[in-house]
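A.B. asks: Quick one: structure below, then a few questions.
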Amino acid sequence: MAVLFGSHPIFADHDSGTHHPERSERLKAVARGMEAVSDVVELLRYTPGPAPMEALVRVHDSEYLESLKRFCLMGGGELDPDTAVSIQSWDAAVVAAGAGLDAADRLRAGEADSAFVAVRPPGHHAVSGSAMGFCLINNVAVLAADLSQRGEKVLILDFDAHHGNGTQDIFIEDPSVLYVSTHQFPLFPGSGRVQEVGSGVGFGMTVNIPLPERTTGPTLRYALDQIARPTIEGFGPTWLLMSAGFDAHYRDPLTEMGLSSGDFGQIVRWAMEFVPKQRSIAMLEGGYDLSALRDSTSALLSALEGQKFAPEEPGTDKPEFDLVNAMAEVRFRALGVHGDGTSR
Ligand SMILES: [Zn+2]
């Protein structure tokens, strides 16, 4: 069955400034990656509409949204040293958030098996009351909050090379959303230590896997299996949302991770096994090397259809067993659980 592909011309009108890595050419690279698999993957393209305000205020302060809208409509400028907006950025951000909601509606209606929404601006650094790190509205959080409101159990897998501090913050005390992140560490934004496991009734519902420079696919997948799998299986998610950033690719200019496009495909197939059919949505986050973004898009779309096509092979080197096992031990200790699963 088909893979939904959601995008909108307005995303190209969000102007983040001259020589900014998060630029509109990124979506042209995504389109090239889509064309490369259009013979082997059945794609169903759609044009999303804007998210309704009531969906945005579930995760953002209304004062922040109003001030962001006003700032954009007055012509824009720099929100912080990393994050600039133009007059169209508000409309682009609201449609980026709406793209996920539309995708979920279409999957519920049985139109397709899975979805990729190719949006900008990205979302996972945006916190309730502020833009941050190229992100204005937290797109994946808007969708997760909507699903949670419908009684769903949502797994967010964030494999962007940067930690999704905004998403973690928004759901830190929410037992209906399990947030799992693999990321380079240390790196912007500085959060995402193993010991950050959630709080209150959301205790244990945050899983952080911070990885050193040059980490390759086999180690990352072994870490997901050892550290995230037990929590995911205990949770029993009904939906999978992926913060699909491709800046952990070895060619990315902003980070030093060592993944190939084939590794992204394997991660996506691994994650989809935890949820029922027609309940997987990937949302674009980072990824700043255009050829890596093209290849990773091809790998993602084929993985979303259950295929193994990728322009590059997944890594085959030996996982860093000691590193991952030590990390698992730190998580167990933070949870107050022994390695054998018993409580202290
Ligand atoms: Zn990133």
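Simple scheme: letters A, B, ... for chains in structure tokens order, numbers from 1 for residues in each chain, numbers from 1 for ligands in the order shown.
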Tell me which protein, DNA and RNA residues are within 7 Å of Val197 in chain A, counting only C-alpha atoms, leaving out same-chain ones fewer than 6 positions away, and put them as a PyMOL selection string.
C.D. replies: chain A and resi 203-207
A.B. asks: Find the residues around His19 in chain A up to 12 Å (only C-alpha atoms counted), leave out those fewer than 3 positions away in its own chain, and share them as an MDAnalysis selection string.
C.D. replies: chainID A and resid 15:16 22:25 82 84 288
A.B. asks: Give one line per residue of chain A that approaches ligand 1 to at most 9 Å, naming the two atoms of the closest pair and their distance in Å to one decimal, counting only C-alpha atoms and all ligand atoms; sort by chain then ascending residue number and deliver it as a tab-separated table.
C.D. replies:
```
residue	atom	partner	partner_atom_place_in_ligand_line	distance
A:His124	CA	ligand 1	1 (Zn)	8.6
A:His125	CA	ligand 1	1 (Zn)	8.8
A:Gly133	CA	ligand 1	1 (Zn)	8.6
A:Phe159	CA	ligand 1	1 (Zn)	8.7
A:Asp160	CA	ligand 1	1 (Zn)	4.9
A:Ala161	CA	ligand 1	1 (Zn)	4.9
A:His162	CA	ligand 1	1 (Zn)	4.3
A:His163	CA	ligand 1	1 (Zn)	7.4
A:Gly164	CA	ligand 1	1 (Zn)	8.2
A:His183	CA	ligand 1	1 (Zn)	8.6
A:Phe188	CA	ligand 1	1 (Zn)	8.5
A:Gly245	CA	ligand 1	1 (Zn)	5.9
A:Phe246	CA	ligand 1	1 (Zn)	7.4
A:Asp247	CA	ligand 1	1 (Zn)	5.5
A:Ala248	CA	ligand 1	1 (Zn)	7.7
A:Leu254	CA	ligand 1	1 (Zn)	8.1
A:Thr255	CA	ligand 1	1 (Zn)	8.2
A:Glu285	CA	ligand 1	1 (Zn)	6.6
A:Gly286	CA	ligand 1	1 (Zn)	4.3
A:Gly287	CA	ligand 1	1 (Zn)	6.5
A:Tyr288	CA	ligand 1	1 (Zn)	8.6
```
A.B. asks: Go ahead and save the residues from that selection, with C-alpha atoms, as a short mmCIF file (atom, residue, chain, number, x, y, z; two decimals), in the first residue's frame.
C.D. replies:
```
data_model
loop_
_atom_site.label_atom_id
_atom_site.label_comp_id
_atom_site.auth_asym_id
_atom_site.auth_seq_id
_atom_site.Cartn_x
_atom_site.Cartn_y
_atom_site.Cartn_z
CA HIS A 124 11.89 19.53 17.83
CA HIS A 125 13.86 22.30 19.58
CA GLY A 133 17.49 26.17 17.08
CA PHE A 159 16.89 10.14 15.45
CA ASP A 160 18.01 13.67 14.52
CA ALA A 161 21.67 14.17 15.53
CA HIS A 162 20.58 16.87 17.98
CA HIS A 163 18.59 16.17 21.13
CA GLY A 164 14.94 17.21 20.81
CA HIS A 183 21.75 12.01 19.41
CA PHE A 188 23.65 21.62 20.78
CA GLY A 245 16.38 14.42 11.08
CA PHE A 246 19.11 13.24 8.73
CA ASP A 247 21.99 15.25 10.20
CA ALA A 248 23.43 12.08 11.79
CA LEU A 254 26.87 20.43 11.28
CA THR A 255 27.56 17.20 13.19
CA GLU A 285 13.63 17.75 11.20
CA GLY A 286 17.31 18.50 10.37
CA GLY A 287 19.74 17.30 7.70
CA TYR A 288 22.00 19.85 6.01
#
```
A.B. asks: Need to verify the contact set: range 97-108 of chain A, 10 Å, only C-alpha atoms, exclusion of same-chain residues closer than 5 positions in sequence. Can you return it as a PyMOL selection string?
C.D. replies: chain A and resi 3-8+46-52+55-56+92+113-123+136-144+146-147+239+241+277-283
A.B. asks: Measuring atom to atom with only C-alpha atoms, identify which of A:Tyr250, A:Phe235, A:Tyr222, A:Phe309 is nearest to Leu323 in chain A.
C.D. replies: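 Of A:Tyr250, A:Phe235, A:Tyr222, A:Phe309, the one nearest Leu323 in chain A, counting only C-alpha atoms, is A:Tyr222.
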A.B. asks: What lies within 9 Å of Gly200 in chain A using only C-alpha atoms, ignoring chain neighbours under 5 positions off, as a PyMOL selection string?
C.D. replies: chain A and resi 172-175
A.B. asks: Output as number ranges by chain all residues of range 170-288 of chain A that backbone DSSP marks as strand (DSSP E).
C.D. replies: A: 177-184, 206-211, 239-244, 280-284
